[in-house]
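Chemist: Before I ask anything, let me first share the structure, which is written out below as structure tokens.
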2 protein chains.
Amino acid sequence: MKYSTSKENYIKAIYHLEQEDPVVSTNALARQLATKPASVTDMLKKLNEQELIHYEPYKGVKLTDSGNKLALQIIRKHRLWEFFLVEKLGFGWEEVHEIAEELEHISSKKLIDRLDEFLGRPKTDPHGDPIPDAAGIVPKIEKRCLLDLPIGVSADLISVSNQSADMLDLLRHHQIEIGTRLKITNRFRFDHSLQITVQGGPPVTISEQLAAHLYVAWAKDETD
Amino acid sequence: MKYSTSKENYIKAIYHLEQEDPVVSTNALARQLATKPASVTDMLKKLNEQELIHYEPYKGVKLTDSGNKLALQIIRKHRLWEFFLVEKLGFGWEEVHEIAEELEHISSKKLIDRLDEFLGRPKTDPHGDPIPDAAGIVPKIEKRCLLDLPIGVSADLISVSNQSADMLDLLRHHQIEIGTRLKITNRFRFDHSLQITVQGGPPVTISEQLAAHLYVAWAKDETD
DNA sequence: ATTTTTTTTTAGATTCGCCTAAAAAATATC
DNA sequence: GATATTTTTTAGGCGAATCTAAAAAAAAAT
């Protein structure tokens with residue numbers, strides 16, 4: 001089945017909003033899609049007809065199984081293209097989202113499977129988000145917020161939950177990227193800022209705001 | 001400036017039809033785009049407003065300079081993506097056209113310039129058609145129809161002017177591809193079929209129809 | 001338990017790209 | 001040069017996706 005770009009964008013938006021709250025509201029969708037609630041209602045009726053969503057007036061919306069499957073296909077395409085753009089074409093993290101928003105609507109399934117293979121079947125995109133496989137299975141990645149990392153324990157940066165140019169600028173300034181080893185050396189109670197070391201280098205201070213967007217993995221016994 | 005996929009398709013179609021006849025008719029466009037003449041007239045008015053074409057009712061249509069530039073950008077994208085699909089993802093000739101028809105409408109200019117670089121700035125696509133450069137300059141490729149090749153002169157296959165699966169199937173059967181060295185060893189007057197050698201192998205016979213779609217290059221003194 | 005506020009839906013338009021049917025212009029034929 | 005044929009355009013409509021303004025339903029506040 002082929003769906004319009006617009007419909008695919010709705011499905012993807014519903015998928016992402018469902019992660020926060022299992023029932024998605026018309027207003028939330030309108031905000032996410034930068035459109036008006038009235039337009040959303042129109043579209044929800046159509047998606048409901050096509051059985052991509054469960055929708056009852058005034059009661060919010062959920063993806064059906066086939067809606068979920070579709071969402072995962074689109075996300076798979078988006079993240080594979082992002083990986084391609086960064087790893088093969090040398091784009092920076094912050095540039096790729098917009099381009100991938102277009103590429104994710106290219107329909108050929110064979111294209112995406114070949115691309116996956118060409119890229120070496122990557123498990124995550126450049127921001128560390130997991131790439132669903134052809135069957136729609138999302139690799140589970142063990143990760144926790146940097147804020148939860150105990151003092152003195154080394155951990156590797158797995159993903160970042162904000163990909164604005166501003167944030168990536170700050171990360172670059174601190175020479176932090178995916179895979180970088182971090183260790184908390186001190187916590188300041190006043191503003192909850194953290195003193196950390198980056199790749200074993202000298203300690204630097206980062207804000208709680210920044211740390212809240214960094215996700216890391218560490219082994220239980222990994223004390224260095 | 002950003003144009004709709006539909007408009008880009010019109011511009012591309014006009015460009016291709018202009019190669020045959022410098023003035024393009026409404027009917028020819030409708031045929032090419034698999035649409036109705038009335039729809040074409042509607043669109044021509046809009047393209048005229050946007051100064052992509054010169055259009056006067058009943059008098060046919062021509063691209064303006066900016067229309068021409070746009071057409072070349074689209075063709076550049078199409079052919080670069082085709083090259084990518086064949087050379088990097090391992091697609092067969094006959095599969096790539098359709099996919100490239102979608103990819104050619106991705107808007108990022110930076111993407112296409114990076115892709116060009118990644119691919120090694122190829123001069124031709126997998127069918128031997130020239131790829132315009134970023135400035136819209138089309139490399140001139142010396143080539144002549146195989147039918148015009150004198151008997152006994154070796155020549156290399158430069159391009160094919162038909163990319164149907166059926167044609168490519170036949171080429172594959174004869175083990176002919178772009179770059180293959182061909183030599184005519186005999187011509188049969190009855191049906192204008194040709195006896196040729198492929199890469200110096202044993203002589204085989206091909207139809208006039210097939211030969212008419214094969215374009216080759218040979219040096220004046222190249223007698224082997 | 002009313003009233004107020006917020007959220008959501010309905011009603012009616014608009015733009016885009018396409019359609020069919022009919023009219024008008026250009027071209028070909030006698 | 002008048003008539004028939006073909007090509008092109010006009011007129012009026014339709015579905016998709018959006019919008020604004022107004023009505024209706026749900027949720028929050030008093």
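Each chain in the structure tokens gets a letter, A, B, ..., in the order shown, and its residues are numbered from 1; ligands are numbered from 1 in order too.
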Only residues of chain D matter here; which ones have an atom within 12 Å of chain A, counting only C-alpha atoms (C1' of nucleotides)? Give them as a VMD selection string.

Modeler: chain D and resid 16 to 21 24 to 27

Chemist: According to DSSP computed on the backbone, where in stretch 134-223 of chain B is there helix (DSSP H, G or I)? Give the residues as a ChimeraX atom specification.

Modeler: /B:146-148,165-173,208-211

Chemist: Produce a file of the selected residues containing C-alpha atoms, as a compact mmCIF listing (two decimals), in the first residue's frame.

Modeler:
```txt
# COMPACT_ATOMS: atom_id res chain seq x y z
CA LEU B 146 26.12 1.50 -34.33
CA LEU B 147 24.33 1.38 -37.68
CA ASP B 148 26.83 3.98 -38.99
CA ALA B 165 13.82 -4.48 -19.23
CA ASP B 166 13.27 -6.40 -22.50
CA MET B 167 16.07 -4.59 -24.27
CA LEU B 168 18.45 -5.00 -21.35
CA ASP B 169 17.59 -8.66 -21.21
CA LEU B 170 18.63 -9.02 -24.83
CA LEU B 171 21.86 -7.11 -24.25
CA ARG B 172 22.66 -9.28 -21.28
CA HIS B 173 22.07 -12.37 -23.43
CA GLU B 208 18.54 -3.57 -37.04
CA GLN B 209 16.10 -2.64 -34.27
CA LEU B 210 18.60 -3.44 -31.58
CA ALA B 211 21.53 -1.81 -33.38
```

Chemist: Between atom CA of B:Thr197 and atom CA of B:Ser161, what is the distance, to one decimal in Å?

Modeler: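 The value is 20.5 Å.
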
Chemist: In Å, how far is it from atom CA of B:Gly120 to atom CA of B:Phe83?

Modeler: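 Atom-to-atom, atom CA of B:Gly120 and atom CA of B:Phe83 are spaced 10.5 Å apart.
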
Chemist: Identify, on the basis of only C-alpha atoms (C1' of nucleotides), every residue whose closest approach to C:DA26 does not exceed 9 Å; exclude the query and any residue fewer than 5 positions from it along the same chain; express the result as a ChimeraX atom specification.

Modeler: /B:58 /D:6-8

Chemist: By how many Å are atom C1' of D:DT10 and atom C1' of C:DA23 apart?

Modeler: 7.2 Å

Chemist: Using only C-alpha atoms, which of B:Leu72, B:Ala34, B:Leu115, B:Ala135 sits nearest chain A?

Modeler: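 Using only C-alpha atoms, the shortest distance to chain A belongs to B:Leu115.
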
Chemist: Could you write out as a PDB file with N, CA and C atoms (P, O5', C5', C4', C3', O3' and C1' of nucleotides), in the first residue's frame the residues of chain C within 9 Å of chain A, counting only C-alpha atoms (C1' of nucleotides)?

Modeler:
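The resulting file, result24.pdb, is shown below:
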```pdb
ATOM      1  P    DT C   7      -6.354  23.375  25.669  1.00  0.00           P
ATOM      2  O5'  DT C   7      -7.374  22.376  24.959  1.00  0.00           O
ATOM      3  C5'  DT C   7      -7.898  21.290  25.699  1.00  0.00           C
ATOM      4  C4'  DT C   7      -8.856  20.538  24.787  1.00  0.00           C
ATOM      5  C3'  DT C   7      -8.265  20.207  23.421  1.00  0.00           C
ATOM      6  O3'  DT C   7      -8.362  18.794  23.285  1.00  0.00           O
ATOM      7  C1'  DT C   7     -10.404  21.206  23.179  1.00  0.00           C
ATOM      8  P    DT C   8      -7.899  17.992  22.000  1.00  0.00           P
ATOM      9  O5'  DT C   8      -9.202  18.003  21.085  1.00  0.00           O
ATOM     10  C5'  DT C   8     -10.362  17.334  21.552  1.00  0.00           C
ATOM     11  C4'  DT C   8     -11.480  17.585  20.569  1.00  0.00           C
ATOM     12  C3'  DT C   8     -11.124  17.246  19.119  1.00  0.00           C
ATOM     13  O3'  DT C   8     -11.897  16.109  18.760  1.00  0.00           O
ATOM     14  C1'  DT C   8     -12.345  19.289  19.295  1.00  0.00           C
ATOM     15  P    DT C   9     -11.879  15.511  17.274  1.00  0.00           P
ATOM     16  O5'  DT C   9     -13.137  16.246  16.632  1.00  0.00           O
ATOM     17  C5'  DT C   9     -14.408  16.099  17.250  1.00  0.00           C
ATOM     18  C4'  DT C   9     -15.437  16.984  16.549  1.00  0.00           C
ATOM     19  C3'  DT C   9     -15.570  16.733  15.050  1.00  0.00           C
ATOM     20  O3'  DT C   9     -16.936  16.422  14.784  1.00  0.00           O
ATOM     21  C1'  DT C   9     -15.364  19.059  15.501  1.00  0.00           C
ATOM     22  P    DT C  10     -17.403  16.038  13.304  1.00  0.00           P
ATOM     23  O5'  DT C  10     -18.010  17.425  12.767  1.00  0.00           O
ATOM     24  C5'  DT C  10     -19.169  17.954  13.397  1.00  0.00           C
ATOM     25  C4'  DT C  10     -19.541  19.277  12.746  1.00  0.00           C
ATOM     26  C3'  DT C  10     -19.798  19.197  11.243  1.00  0.00           C
ATOM     27  O3'  DT C  10     -21.019  19.871  11.007  1.00  0.00           O
ATOM     28  C1'  DT C  10     -18.275  20.932  11.715  1.00  0.00           C
TER      29       DT C  10
END
```

Chemist: For chain B, list the residues within 8 Å of chain A, counting only C-alpha atoms, and write the list as a ChimeraX atom specification.

Modeler: /B:88-90,99,102-103,106,108,111,114-115,118

Chemist: Next, dump the selected residues to file, keeping only N, CA and C atoms, as a compact mmCIF listing (two decimals), in the first residue's frame.

Modeler:
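Here's the written file out.txt:
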```
# COMPACT_ATOMS: atom_id res chain seq x y z
N LYS B 88 26.69 1.68 -6.47
CA LYS B 88 26.88 1.49 -5.03
C LYS B 88 25.92 0.45 -4.45
N LEU B 89 24.71 0.43 -4.95
CA LEU B 89 23.74 -0.49 -4.36
C LEU B 89 23.53 -1.75 -5.18
N GLY B 90 24.17 -1.81 -6.34
CA GLY B 90 24.11 -3.04 -7.11
C GLY B 90 22.81 -3.32 -7.83
N ILE B 99 12.97 4.42 -9.61
CA ILE B 99 13.39 4.92 -8.30
C ILE B 99 13.98 6.31 -8.44
N GLU B 102 11.71 9.27 -8.43
CA GLU B 102 11.33 9.82 -7.13
C GLU B 102 12.48 10.63 -6.53
N LEU B 103 13.66 10.06 -6.57
CA LEU B 103 14.80 10.70 -5.92
C LEU B 103 15.15 12.05 -6.55
N ILE B 106 14.09 15.30 -4.68
CA ILE B 106 14.64 15.71 -3.38
C ILE B 106 15.36 17.03 -3.59
N SER B 108 17.48 19.20 -1.70
CA SER B 108 18.75 19.72 -1.21
C SER B 108 19.86 19.76 -2.27
N LEU B 111 23.03 18.16 -0.91
CA LEU B 111 22.99 16.70 -1.00
C LEU B 111 23.53 16.24 -2.34
N ARG B 114 27.29 16.75 -2.74
CA ARG B 114 28.04 15.76 -1.96
C ARG B 114 27.97 14.39 -2.62
N LEU B 115 26.80 14.06 -3.11
CA LEU B 115 26.62 12.76 -3.77
C LEU B 115 27.53 12.67 -4.99
N PHE B 118 30.95 12.07 -3.80
CA PHE B 118 31.04 10.70 -3.27
C PHE B 118 31.18 9.68 -4.41
```

Chemist: Just list as a PyMOL selection string whatever in stretch 21-197 of chain B DSSP marks as strand (DSSP E).

Modeler: chain B and resi 53-55+61-63+144-145+154-160+181-187+194-197
